[in-house]
$ cat final22.cif   # mmCIF, C-alpha atoms
data_my_file
#
loop_
_atom_site.label_atom_id
_atom_site.label_comp_id
_atom_site.auth_asym_id
_atom_site.auth_seq_id
_atom_site.Cartn_x
_atom_site.Cartn_y
_atom_site.Cartn_z
CA MET V 1 0.00 0.00 0.00
CA GLU V 2 1.35 3.42 -0.88
CA GLU V 3 0.25 6.79 0.37
CA PHE V 4 1.30 9.97 -1.38
CA TYR V 5 0.71 13.46 -0.04
CA CYS V 6 2.27 16.92 0.19
CA VAL V 7 3.18 18.98 3.23
CA VAL V 8 4.34 22.51 3.82
CA THR V 9 6.82 23.13 6.63
CA PHE V 10 7.38 26.35 8.58
CA HIS V 11 10.12 28.00 10.60
CA VAL V 12 7.67 29.23 13.25
CA THR V 13 4.60 27.44 14.64
CA GLN V 14 2.54 30.62 14.32
CA HIS V 15 3.20 30.63 10.56
CA ALA V 16 1.51 27.23 10.31
CA LEU V 17 -1.57 28.67 12.02
CA ILE V 18 -1.59 31.74 9.74
CA PHE V 19 -1.19 29.44 6.71
CA GLU V 20 -4.07 27.20 7.80
CA ASN V 21 -6.34 30.16 8.46
CA PHE V 22 -5.60 31.76 5.10
CA MET V 23 -6.01 28.54 3.10
CA LYS V 24 -9.32 27.75 4.80
CA LYS V 25 -10.57 31.24 3.94
CA ASN V 26 -9.69 30.49 0.32
CA ASN V 27 -11.49 27.13 0.45
CA ILE V 28 -8.27 25.16 0.10
CA ASP V 29 -8.25 21.76 1.77
CA VAL V 30 -5.60 22.02 4.51
CA LYS V 31 -4.86 20.07 7.69
CA LEU V 32 -2.19 20.78 10.28
CA MET V 33 -0.21 17.74 11.42
CA PRO V 34 3.12 16.83 13.02
CA VAL V 35 6.01 17.06 10.53
CA PRO V 36 6.16 13.60 8.87
CA ARG V 37 9.06 11.37 9.92
CA GLN V 38 10.23 11.15 6.29
CA VAL V 39 10.69 14.92 6.18
CA SER V 40 12.49 15.55 9.45
CA SER V 41 13.46 14.09 12.81
CA SER V 42 12.02 17.22 14.45
CA CYS V 43 8.53 17.19 15.92
CA GLY V 44 7.23 20.54 14.64
CA THR V 45 4.01 21.39 12.84
CA ALA V 46 3.38 20.98 9.10
CA ALA V 47 0.35 21.56 6.85
CA LYS V 48 -0.99 18.81 4.60
CA ILE V 49 -2.32 20.06 1.26
CA PRO V 50 -3.37 18.46 -2.04
CA CYS V 51 -0.28 18.00 -4.25
CA ASP V 52 -2.01 19.22 -7.41
CA ILE V 53 -2.32 22.78 -6.10
CA GLU V 54 1.29 23.20 -5.03
CA GLU V 55 2.04 25.98 -7.50
CA ASP V 56 -1.20 27.84 -6.69
CA VAL V 57 -0.38 27.70 -2.98
CA LYS V 58 3.18 28.92 -3.57
CA THR V 59 1.90 31.84 -5.64
CA LEU V 60 -0.68 32.72 -2.99
CA CYS V 61 1.94 32.63 -0.23
CA ILE V 62 4.25 34.97 -2.13
CA LYS V 63 1.41 37.33 -3.06
CA GLU V 64 -0.04 37.47 0.46
CA ASP V 65 3.35 37.44 2.23
CA ILE V 66 2.71 34.22 4.14
CA PRO V 67 6.04 32.83 5.37
CA ILE V 68 6.67 29.16 4.62
CA ASP V 69 9.83 27.06 4.81
CA ASP V 70 9.45 24.41 2.11
CA PHE V 71 7.21 22.02 0.19
CA HIS V 72 7.70 18.29 0.56
CA HIS V 73 6.30 15.33 -1.36
CA VAL V 74 5.85 12.45 1.06
CA ILE V 75 5.56 8.82 0.03
CA ASN V 76 4.55 6.26 2.63
CA LYS V 77 5.44 2.80 1.38
CA LYS V 78 4.67 -0.29 3.39
CA GLY V 79 7.82 -2.07 4.55
CA THR V 80 10.16 0.86 4.04
CA SER V 81 10.88 1.58 7.67
CA TRP V 82 14.52 1.89 8.76
CA PHE V 83 14.21 -1.48 10.48
CA SER V 84 12.67 -3.41 7.58
CA LYS V 85 15.28 -1.89 5.24
CA TYR V 86 18.01 -3.54 7.29
CA ILE V 87 16.37 -6.93 7.76
CA THR V 88 15.52 -7.27 4.05
CA LYS V 89 19.05 -6.46 2.87
CA MET A 1 1.04 -0.47 10.76
CA SER A 2 -0.65 2.90 11.28
CA GLY A 3 1.39 5.79 12.65
CA LYS A 4 -0.57 6.01 15.87
CA ARG A 5 -0.20 2.29 16.53
CA LYS A 6 3.55 2.61 15.98
CA MET A 7 3.62 5.48 18.47
CA PHE A 8 1.72 3.36 20.98
CA ILE A 9 4.19 0.49 20.64
CA TYR A 10 7.28 2.71 20.78
CA GLY A 11 5.84 4.36 23.90
CA GLY A 12 5.02 0.90 25.24
CA ILE A 13 8.67 -0.15 24.93
CA VAL A 14 9.69 2.85 27.06
CA GLY A 15 6.94 2.24 29.64
CA LEU A 16 7.76 -1.46 29.95
CA ILE A 17 11.47 -0.72 30.37
CA GLY A 18 10.52 1.74 33.13
CA ALA A 19 8.75 -1.06 35.00
CA VAL A 20 11.60 -3.55 34.39
CA LEU A 21 14.27 -1.13 35.63
CA MET A 22 12.27 -0.52 38.80
CA LYS A 23 12.03 -4.26 39.32
CA LEU A 24 15.79 -4.56 38.80
CA GLY A 25 16.63 -2.08 41.53
CA ASN A 26 16.00 1.51 40.47
CA PRO A 27 14.20 3.69 43.05
CA GLY A 28 10.42 3.54 43.47
CA ASN A 29 8.47 4.73 40.39
CA MET A 30 11.83 5.86 38.99
CA GLY A 31 12.58 3.18 36.43
CA ILE A 32 13.50 6.08 34.16
CA CYS A 33 13.49 9.75 35.14
CA ILE A 34 15.54 12.09 33.02
CA ALA A 35 15.48 14.98 35.51
CA CYS A 36 16.36 12.71 38.45
CA PHE A 37 19.06 10.87 36.49
CA TRP A 38 20.79 14.05 35.27
CA ARG A 39 20.51 15.31 38.88
CA ASP A 40 22.18 12.11 40.12
CA ILE A 41 24.95 12.56 37.57
CA ALA A 42 25.40 16.21 38.66
CA GLY A 43 25.76 14.90 42.23
CA ALA A 44 28.23 12.19 41.23
CA LEU A 45 30.37 14.86 39.56
CA GLY A 46 30.30 16.86 42.78
CA LEU A 47 28.22 19.72 41.40
CA HIS A 48 25.94 19.36 44.41
CA ARG A 49 26.48 17.68 47.76
CA ALA A 50 23.15 15.99 48.43
CA GLU A 51 24.65 12.66 49.50
CA VAL A 52 21.55 10.58 48.80
CA VAL A 53 21.30 11.47 45.11
CA GLN A 54 24.74 10.88 43.63
CA TYR A 55 25.19 8.22 40.96
CA ILE A 56 26.23 8.03 37.32
CA ARG A 57 23.07 6.61 35.82
CA PRO A 58 23.93 4.17 33.03
CA GLU A 59 20.45 4.66 31.54
CA ILE A 60 21.43 8.21 30.48
CA ILE A 61 24.65 6.89 28.91
CA GLY A 62 22.62 4.22 27.09
CA ILE A 63 20.05 6.74 25.88
CA ILE A 64 22.82 8.93 24.43
CA PHE A 65 24.54 5.96 22.76
CA GLY A 66 21.28 4.55 21.40
CA SER A 67 20.06 7.83 20.02
CA PHE A 68 23.47 8.78 18.60
CA ILE A 69 24.09 5.45 16.86
CA ILE A 70 20.62 5.10 15.35
CA SER A 71 20.56 8.71 14.15
CA TYR A 72 24.01 8.23 12.60
CA ILE A 73 22.91 5.05 10.79
CA THR A 74 19.64 6.51 9.51
CA GLY A 75 21.02 9.89 8.47
CA ASP A 76 19.18 11.89 11.13
CA PHE A 77 22.46 12.97 12.71
CA LYS A 78 22.73 16.63 11.74
CA VAL A 79 24.87 19.10 13.65
CA LYS A 80 22.90 22.29 14.06
CA GLY A 81 22.65 25.05 16.65
CA GLY A 82 22.86 28.74 17.38
CA SER A 83 19.16 29.25 18.16
CA SER A 84 19.12 31.40 21.33
CA PRO A 85 21.43 29.12 23.35
CA LEU A 86 21.46 31.29 26.48
CA ILE A 87 17.66 31.45 26.65
CA ARG A 88 17.58 27.68 26.22
CA PHE A 89 20.07 27.28 29.07
CA VAL A 90 17.89 29.41 31.37
CA LEU A 91 14.70 27.56 30.36
CA GLY A 92 16.45 24.23 31.00
CA PHE A 93 17.59 25.55 34.37
CA PHE A 94 14.08 26.52 35.49
CA LEU A 95 12.57 23.38 33.99
CA MET A 96 14.78 21.37 36.33
CA ILE A 97 13.76 23.50 39.33
CA GLY A 98 10.08 22.78 38.58
CA ALA A 99 10.79 19.08 38.10
CA LEU A 100 12.68 18.79 41.38
CA VAL A 101 9.92 20.58 43.29
CA PHE A 102 7.42 18.09 41.85
CA LEU A 103 10.01 15.29 42.13
CA GLY A 104 10.28 14.01 38.61
CA CYS A 105 10.34 14.85 34.94
CA PRO A 106 7.20 14.38 32.82
CA LEU A 107 8.28 10.82 31.99
CA ARG A 108 8.52 9.93 35.67
CA MET A 109 5.17 11.66 36.15
CA ILE A 110 3.63 9.09 33.78
CA LEU A 111 5.53 6.22 35.44
CA ARG A 112 4.40 7.41 38.89
CA LEU A 113 0.82 7.48 37.67
CA ALA A 114 1.23 3.99 36.22
CA ASN A 115 2.14 2.71 39.68
CA GLY A 116 -0.83 4.26 41.45
CA ASP A 117 0.70 7.57 42.64
CA LEU A 118 -2.22 10.00 42.33
CA ASN A 119 0.00 12.99 43.20
CA ALA A 120 1.25 12.58 39.63
CA LEU A 121 -2.30 13.23 38.44
CA VAL A 122 -2.11 16.67 40.08
CA GLY A 123 1.27 17.11 38.41
CA LEU A 124 -0.24 16.09 35.07
CA VAL A 125 -2.95 18.75 35.37
CA GLY A 126 -0.22 21.31 36.12
CA TYR A 127 1.90 20.06 33.21
CA VAL A 128 -0.99 20.40 30.75
CA ALA A 129 -1.79 23.86 32.17
CA GLY A 130 1.85 24.91 31.63
CA ILE A 131 1.74 23.57 28.07
CA PHE A 132 -1.53 25.42 27.46
CA ILE A 133 0.10 28.69 28.57
CA GLY A 134 3.13 27.96 26.37
CA VAL A 135 0.88 27.26 23.37
CA GLN A 136 -0.63 30.75 23.72
CA PHE A 137 2.88 32.15 23.22
CA LEU A 138 3.40 29.93 20.16
CA LYS A 139 0.16 31.29 18.71
CA LYS A 140 1.47 34.82 19.22
CA GLY A 141 4.63 34.06 17.24
CA TYR A 142 7.09 32.87 19.91
CA THR A 143 10.22 31.41 18.34
CA LEU A 144 13.81 31.01 19.45
CA GLY A 145 15.01 31.45 15.88
CA LYS A 146 16.32 29.18 13.18
CA SER A 147 19.29 26.96 13.93
CA ILE A 148 22.19 26.83 11.51
CA ASP A 149 24.88 24.30 10.63
CA GLN A 150 27.62 23.90 13.23
CA PRO A 151 31.05 22.25 13.00
CA LYS A 152 30.49 18.49 12.84
CA ILE A 153 32.74 17.85 15.83
CA ALA A 154 30.17 19.65 18.04
CA GLY A 155 27.74 16.79 17.42
CA PHE A 156 30.15 14.29 18.95
CA ILE A 157 30.44 16.11 22.28
CA TYR A 158 27.51 14.33 23.95
CA PRO A 159 28.58 10.84 22.84
CA ILE A 160 32.09 11.69 24.13
CA ILE A 161 30.60 12.86 27.44
CA ALA A 162 28.71 9.54 27.60
CA VAL A 163 31.96 7.59 27.07
CA ILE A 164 33.68 9.57 29.84
CA LEU A 165 30.73 9.02 32.20
CA LEU A 166 30.86 5.30 31.44
CA ILE A 167 34.58 5.20 32.29
CA PHE A 168 33.87 7.03 35.58
CA LEU A 169 31.06 4.59 36.35
CA VAL A 170 33.21 1.51 35.76
CA VAL A 171 36.53 2.77 37.18
CA ARG A 172 34.93 4.66 40.10
CA PRO A 173 37.74 7.18 40.70
CA ALA A 174 37.84 8.79 44.15
CA PHE A 175 36.65 12.18 42.89
CA ILE A 176 33.36 10.72 41.65
CA LEU A 177 30.73 10.53 44.39
CA PHE A 178 28.40 7.56 44.82
CA SER A 179 25.52 7.49 47.30
CA SER A 180 25.65 4.78 49.92
CA GLU A 181 22.03 5.32 50.97
CA GLY A 182 18.84 6.84 49.58
CA PRO A 183 17.61 6.87 45.97
CA GLY A 184 21.15 7.37 44.62
CA SER A 185 22.19 4.00 46.06
CA MET A 186 19.31 2.15 44.39
CA ALA A 187 20.18 1.02 40.89
CA ALA A 188 19.64 -1.68 38.32
CA PRO A 189 22.74 -3.67 37.24
CA ILE A 190 24.96 -1.46 35.07
CA ALA A 191 25.08 -3.62 31.93
CA ILE A 192 21.31 -4.16 31.84
CA ALA A 193 20.58 -0.49 32.56
CA LEU A 194 22.98 0.51 29.79
CA VAL A 195 21.37 -1.80 27.22
CA LEU A 196 17.80 -0.89 28.19
CA GLY A 197 18.76 2.80 28.14
CA ALA A 198 20.04 2.32 24.59
CA VAL A 199 16.75 0.66 23.59
CA VAL A 200 14.89 3.67 25.05
CA GLY A 201 17.20 6.00 23.11
CA ILE A 202 16.54 4.16 19.85
CA ALA A 203 12.75 4.02 20.42
CA LEU A 204 12.54 7.71 21.26
CA GLN A 205 14.84 8.82 18.44
CA ARG A 206 12.85 6.89 15.87
CA SER A 207 9.42 7.80 17.20
CA ARG A 208 10.23 11.42 18.23
CA ILE A 209 7.93 10.91 21.24
CA CYS A 210 7.92 13.98 23.44
CA THR A 211 5.71 14.32 26.49
CA ALA A 212 5.28 18.05 25.80
CA GLY A 213 4.76 17.57 22.05
CA GLY A 214 1.91 15.11 22.68
CA PHE A 215 -0.16 17.57 24.66
CA ARG A 216 0.99 20.61 22.63
CA ASP A 217 -0.27 19.11 19.38
CA LEU A 218 -3.54 18.09 20.99
CA ILE A 219 -4.13 21.66 22.21
CA LEU A 220 -2.67 23.51 19.22
CA ILE A 221 -3.70 21.47 16.17
CA LYS A 222 -6.09 18.88 17.68
CA ASP A 223 -3.77 16.05 16.64
CA SER A 224 -3.26 12.99 18.84
CA TYR A 225 -0.35 11.37 16.94
CA PHE A 226 2.33 11.89 19.61
CA LEU A 227 -0.18 11.53 22.44
CA TRP A 228 -0.52 7.85 21.52
CA GLY A 229 3.13 7.45 22.46
CA LEU A 230 2.37 8.77 25.95
CA ILE A 231 -0.66 6.49 26.25
CA GLY A 232 1.64 3.61 25.25
CA ILE A 233 4.11 4.54 28.01
CA PHE A 234 1.32 4.62 30.59
CA VAL A 235 -0.47 1.42 29.53
CA PHE A 236 2.67 -0.72 29.24
CA ALA A 237 4.18 0.70 32.45
CA LEU A 238 0.91 -0.05 34.25
CA ALA A 239 0.80 -3.60 32.87
CA GLY A 240 4.50 -4.07 33.65
CA ASN A 241 4.03 -2.84 37.22
CA LEU A 242 1.00 -5.07 37.80
CA ILE A 243 3.03 -8.08 36.65
CA LEU A 244 6.54 -7.25 37.89
CA ASN A 245 6.05 -4.82 40.77
CA PHE A 246 2.63 -5.75 42.13
CA ASP A 247 3.89 -5.69 45.73
CA LYS A 248 4.86 -2.02 45.20
CA PHE A 249 1.68 -0.98 43.37
CA HIS A 250 -0.23 1.33 45.63
CA LEU A 251 -3.15 3.50 44.52
CA GLY A 252 -3.45 6.75 46.45
CA PHE A 253 -1.78 9.97 47.48
CA ILE A 254 0.06 9.08 50.66
CA GLU A 255 3.24 7.08 51.24
CA GLN A 256 4.25 7.05 47.60
CA PRO A 257 7.98 6.56 46.93
CA VAL A 258 10.08 9.72 46.35
CA ALA A 259 6.96 11.90 46.29
CA HIS A 260 5.14 14.43 48.47
CA THR A 261 1.46 15.26 48.82
CA ASN A 262 1.55 19.04 48.56
CA HIS A 263 -0.94 19.44 45.70
CA LEU A 264 -0.40 23.15 45.06
CA TRP A 265 3.33 22.73 44.57
CA ASN A 266 3.00 19.49 42.62
CA PHE A 267 0.71 21.49 40.34
CA LEU A 268 2.82 24.66 40.10
CA GLY A 269 6.10 22.74 39.77
CA MET A 270 4.74 20.98 36.72
CA VAL A 271 3.22 24.21 35.34
CA LEU A 272 6.79 25.49 35.22
CA VAL A 273 7.99 22.26 33.59
CA GLY A 274 5.20 22.33 30.97
CA LEU A 275 5.75 25.98 30.15
CA CYS A 276 9.54 25.57 29.78
CA SER A 277 9.13 22.37 27.73
CA VAL A 278 6.85 24.03 25.18
CA LEU A 279 9.07 27.11 24.93
CA LEU A 280 12.08 24.83 24.42
CA GLY A 281 10.28 22.66 21.87
CA GLY A 282 10.64 19.50 23.93
CA CYS A 283 10.63 17.87 27.36
CA PRO A 284 13.86 16.75 29.13
CA ILE A 285 14.01 13.33 27.46
CA ARG A 286 13.42 14.86 24.03
CA GLN A 287 16.21 17.37 24.71
CA THR A 288 18.54 14.51 25.66
CA ILE A 289 17.67 12.62 22.46
CA LEU A 290 18.14 15.75 20.32
CA ALA A 291 21.47 16.54 22.00
CA SER A 292 22.62 13.03 21.07
CA GLU A 293 21.68 13.42 17.40
CA GLY A 294 23.72 16.60 16.89
CA ASP A 295 21.39 19.37 18.10
CA THR A 296 23.79 21.60 20.01
CA ASP A 297 20.93 23.84 21.21
CA ALA A 298 19.43 20.84 22.97
CA GLY A 299 22.94 20.17 24.29
CA VAL A 300 22.96 23.61 25.90
CA THR A 301 19.49 22.92 27.31
CA VAL A 302 20.77 19.73 28.96
CA LEU A 303 23.62 21.76 30.49
CA GLY A 304 20.88 24.07 31.84
CA LEU A 305 19.13 21.03 33.32
CA ILE A 306 22.35 19.92 35.01
CA ALA A 307 23.05 23.42 36.36
CA GLY A 308 19.44 23.65 37.57
CA ALA A 309 19.82 20.34 39.41
CA ALA A 310 23.03 21.49 41.07
CA PHE A 311 21.47 24.78 42.21
CA ALA A 312 18.26 23.03 43.29
CA HIS A 313 20.18 20.94 45.80
CA ASN A 314 22.80 23.53 46.78
CA PHE A 315 20.12 26.16 47.52
CA GLY A 316 17.64 23.79 49.13
CA LEU A 317 15.04 24.16 46.38
CA ALA A 318 14.44 20.46 45.70
CA SER A 319 11.57 18.76 47.50
CA SER A 320 11.80 15.45 49.30
CA ALA A 321 9.34 12.90 50.64
CA LYS A 322 9.02 15.27 53.64
CA GLY A 323 7.55 17.97 51.42
CA VAL A 324 8.34 21.19 49.61
CA THR A 325 10.88 23.67 50.97
CA ALA A 326 10.18 27.40 51.37
CA ASN A 327 13.08 28.10 49.00
CA GLY A 328 11.56 25.70 46.47
CA LYS A 329 8.20 27.50 46.53
CA PHE A 330 9.91 30.83 46.04
CA ALA A 331 12.02 29.46 43.17
CA VAL A 332 8.97 28.07 41.34
CA ILE A 333 7.16 31.43 41.52
CA ILE A 334 10.28 33.29 40.40
CA GLY A 335 10.77 30.69 37.67
CA ILE A 336 7.24 31.03 36.27
CA LEU A 337 7.46 34.84 36.27
CA PHE A 338 10.94 34.87 34.77
CA VAL A 339 10.01 32.42 32.01
CA LEU A 340 6.84 34.39 31.18
CA ILE A 341 8.93 37.57 30.90
CA ILE A 342 11.41 35.80 28.60
CA ALA A 343 8.59 34.49 26.38
CA TYR A 344 6.96 37.93 26.23
CA GLY A 345 10.32 39.56 25.44
CA VAL A 346 10.93 37.09 22.61
CA ILE A 347 7.52 37.84 21.09
CA VAL A 348 7.99 41.61 21.28
CA ASP A 349 11.39 41.33 19.63
CA THR A 350 10.13 38.95 16.93
CA ARG A 351 7.28 41.33 16.07
CA LYS A 352 9.67 44.28 15.89
CA SER A 353 12.04 42.47 13.53
CA ASN A 354 9.11 41.21 11.40
CA SER A 355 7.68 44.73 10.92
CA LYS A 356 11.19 46.05 10.27
CA SER A 357 11.84 43.49 7.52
CA LYS A 358 8.42 44.23 5.96
CA LYS A 359 9.25 47.95 5.90
CA GLU A 360 12.59 47.13 4.23
CA VAL A 361 10.80 45.03 1.61
CA LYS A 362 8.42 47.91 0.90
CA ILE A 363 11.28 50.41 0.55
CA ASN A 364 13.24 48.05 -1.70
CA GLY A 365 10.09 47.07 -3.62
#
$ encode --input "final22.cif" --output "structure tokens"
Amino acid sequence: MEEFYCVVTFHVTQHALIFENFMKKNNIDVKLMPVPRQVSSSCGTAAKIPCDIEEDVKTLCIKEDIPIDDFHHVINKKGTSWFSKYITK
Amino acid sequence: MSGKRKMFIYGGIVGLIGAVLMKLGNPGNMGICIACFWRDIAGALGLHRAEVVQYIRPEIIGIIFGSFIISYITGDFKVKGGSSPLIRFVLGFFLMIGALVFLGCPLRMILRLANGDLNALVGLVGYVAGIFIGVQFLKKGYTLGKSIDQPKIAGFIYPIIAVILLIFLVVRPAFILFSSEGPGSMAAPIAIALVLGAVVGIALQRSRICTAGGFRDLILIKDSYFLWGLIGIFVFALAGNLILNFDKFHLGFIEQPVAHTNHLWNFLGMVLVGLCSVLLGGCPIRQTILASEGDTDAGVTVLGLIAGAAFAHNFGLASSAKGVTANGKFAVIIGILFVLIIAYGVIVDTRKSNSKSKKEVKING
């Protein structure tokens, strides 16, 4: 089973809240979540958004001066954990 | 396996090890306690002279080794720092004061609860209240700033410290102090404690479980992902205690090991711990894990914890089973006020620099 989604990361937690608020006002499907393990070993806050609107979101953020850190494409594949990688070698 | 189930199991490993270490000789409801263990190490190094709490805890050494090795293998080892180190030191310092007034870090709070100590429930309410206050600062834009790359050698300092501590523990030179009575004299066998500590380090590095992060995310973004790790710690520690330590399981407030029944100060001590943990971006065990995977800011925070422990005992701030000291009460109040002022100061400064950079953009644009 494979799960594919996109997240936006932020330097400051407040920026995630501002981002969520703005996207909701613009009817963009957004959900705040912990930063995925594949992206970072930190435990900060990220925003999950549909991958197909990445460019629109980037343009909106620049236009409205909403600070973001980066965009990430996350793939969750079954059996790709650090542990299973070593035992299947 | 779903993410939350993984969190539950990773947390379960930590909780179960807490129960096992207690069975093997660690003090009551103190299978693992990061605040207490760093305090014991501070005592062993002679930074304080409380004779009953001096021991080089192999669990801490194991946690550092485990976290360092697994982060190195998986590529998580990244040497970064420079994000308000002095503020982090001070927050770590006051976090330790709060923890030693309550008598335990947030992890021990869960382990105490899992062995029937209801004073920990009061502490838990205080901890969540502190986190709630901290979250309000996050909403207002609180940040300690972005960390930047540091010389790689800086990331090896904590593993080197762990090696030196291990040598001291095994060789037992005369200048290292070891308790002959009290909690500091109660310990699981070194080799087992070292290995189980390493397992805890690996589990926490991989899962990123943080006692503050669990509640912070629930309050801030209504997400329970990390909270499942804490539930795992509690459930498995409870099951482990009922099986391994049933003779020591005791539900109630009174006569709990290394605990007092002063509700107000259990509450306020943990308010201070919760507040500091959120402002630091992690509880004491998370800071220890981060310090081991190259985060030099977390390394400074741990130094703050150690300094806080030394001062707590030298100035008579730490509580005991007899209760809370007058100095301890004073220190908690000062700590809460001081930390609130720091957080407010950070927000004011962040806002100023944000509006300044916007003005510059407008002028340049």
$ interface_residues --input "final22.cif" --of "chain A" --to "chain V" --cutoff "10 Å" --atoms "all atoms listed in the file" --output "PyMOL selection string"
chain A and resi 1+3+70-71+73-78+135-147+205-210+213-214+217+220-226+281-282+286+290+293+358
$ closest_atom_pairs --input "final22.cif" --of "range 221-285 of chain A" --to "range 49-63 of chain A" --cutoff "12 Å" --atoms "all atoms listed in the file" --output "CSV"
residue,atom,partner,partner_atom,distance
A:Val258,CA,A:Val53,CA,11.4
A:Pro284,CA,A:Ile60,CA,11.5
A:Ile285,CA,A:Ile63,CA,9.1
$ residues_near_point --input "final22.cif" --point "(20.4, 12.1, 37.2)" --cutoff "12 Å" --atoms "only C-alpha atoms" --output "PyMOL selection string"
chain A and resi 26-27+30-45+47-48+52-61+96+99-100+103-105+165+178+183-184+187+284-285+288+302+305-310
$ closest_residue --input "final22.cif" --among "A:Leu121, A:Leu268, A:Leu107, A:Ala162" --to "Ile334 in chain A" --atoms "only C-alpha atoms"
A:Leu268
$ resolve_selection --input "final22.cif" --expression "the PyMOL selection byres ((chain A and resi 250) around 8)" --output "ChimeraX atom specification"
/A:115-117,248-249,251-252,256
$ write_last_selection --input "final22.cif" --atoms "C-alpha atoms" --output "short mmCIF file (atom, residue, chain, number, x, y, z; two decimals), in the frame of the given file"
data_model
loop_
_atom_site.label_atom_id
_atom_site.label_comp_id
_atom_site.auth_asym_id
_atom_site.auth_seq_id
_atom_site.Cartn_x
_atom_site.Cartn_y
_atom_site.Cartn_z
CA ASN A 115 2.14 2.71 39.68
CA GLY A 116 -0.83 4.26 41.45
CA ASP A 117 0.70 7.57 42.64
CA LYS A 248 4.86 -2.02 45.20
CA PHE A 249 1.68 -0.98 43.37
CA LEU A 251 -3.15 3.50 44.52
CA GLY A 252 -3.45 6.75 46.45
CA GLN A 256 4.25 7.05 47.60
#
$ atom_distance --input "final22.cif" --atom1 "CA of Pro85 in chain A" --atom2 "CA of Arg351 in chain A"
20.1 Å
$ atom_distance --input "final22.cif" --atom1 "CA of Ala212 in chain A" --atom2 "CA of Cys283 in chain A"
5.6 Å
$ atom_distance --input "final22.cif" --atom1 "CA of Val74 in chain V" --atom2 "CA of Lys48 in chain V"
10.0 Å
$ axis_aligned_box --input "final22.cif" --around "range 57-64 of chain V" --padding-each-side "6 Å" --output "JSON"
{"center_x": 1.8, "center_y": 32.6, "center_z": -2.6, "size_x": 16.9, "size_y": 21.8, "size_z": 18.1}
$ closest_residue --input "final22.cif" --among "A:Tyr344, A:Phe315, A:Phe234, A:Phe330" --to "Ile17 in chain A" --atoms "all atoms listed in the file"
A:Phe234
$ resolve_selection --input "final22.cif" --expression "the PyMOL selection byres ((chain A and resi 95) around 8)" --output "mmCIF file with C-alpha atoms, in the frame of the given file"
data_model
loop_
_atom_site.group_PDB
_atom_site.id
_atom_site.type_symbol
_atom_site.label_atom_id
_atom_site.label_comp_id
_atom_site.auth_asym_id
_atom_site.auth_seq_id
_atom_site.Cartn_x
_atom_site.Cartn_y
_atom_site.Cartn_z
ATOM 1 C CA LEU A 91 14.700 27.560 30.360
ATOM 2 C CA GLY A 92 16.450 24.230 31.000
ATOM 3 C CA PHE A 93 17.590 25.550 34.370
ATOM 4 C CA PHE A 94 14.080 26.520 35.490
ATOM 5 C CA MET A 96 14.780 21.370 36.330
ATOM 6 C CA ILE A 97 13.760 23.500 39.330
ATOM 7 C CA GLY A 98 10.080 22.780 38.580
ATOM 8 C CA ALA A 99 10.790 19.080 38.100
ATOM 9 C CA LEU A 272 6.790 25.490 35.220
ATOM 10 C CA VAL A 273 7.990 22.260 33.590
ATOM 11 C CA CYS A 276 9.540 25.570 29.780
ATOM 12 C CA SER A 277 9.130 22.370 27.730
ATOM 13 C CA LEU A 305 19.130 21.030 33.320
ATOM 14 C CA GLY A 308 19.440 23.650 37.570
#
$ closest_residue --input "final22.cif" --among "A:Gly229, A:Gly46, A:Gly335, A:Pro159" --to "Phe175 in chain A" --atoms "all atoms listed in the file"
A:Gly46
$ resolve_selection --input "final22.cif" --expression "the PyMOL selection byres ((chain A and resi 81) around 7)" --output "PyMOL selection string"
chain A and resi 80+82-83+147-150+295-297
$ residues_around --input "final22.cif" --residues "range 1-10 of chain V" --least-positions-apart "4" --cutoff "7 Å" --atoms "only C-alpha atoms" --output "JSON, numbers by chain"
{"V": [15, 16, 46, 47, 48, 49, 50, 51, 68, 69, 70, 71, 72, 73, 74, 75, 76, 77, 78]}
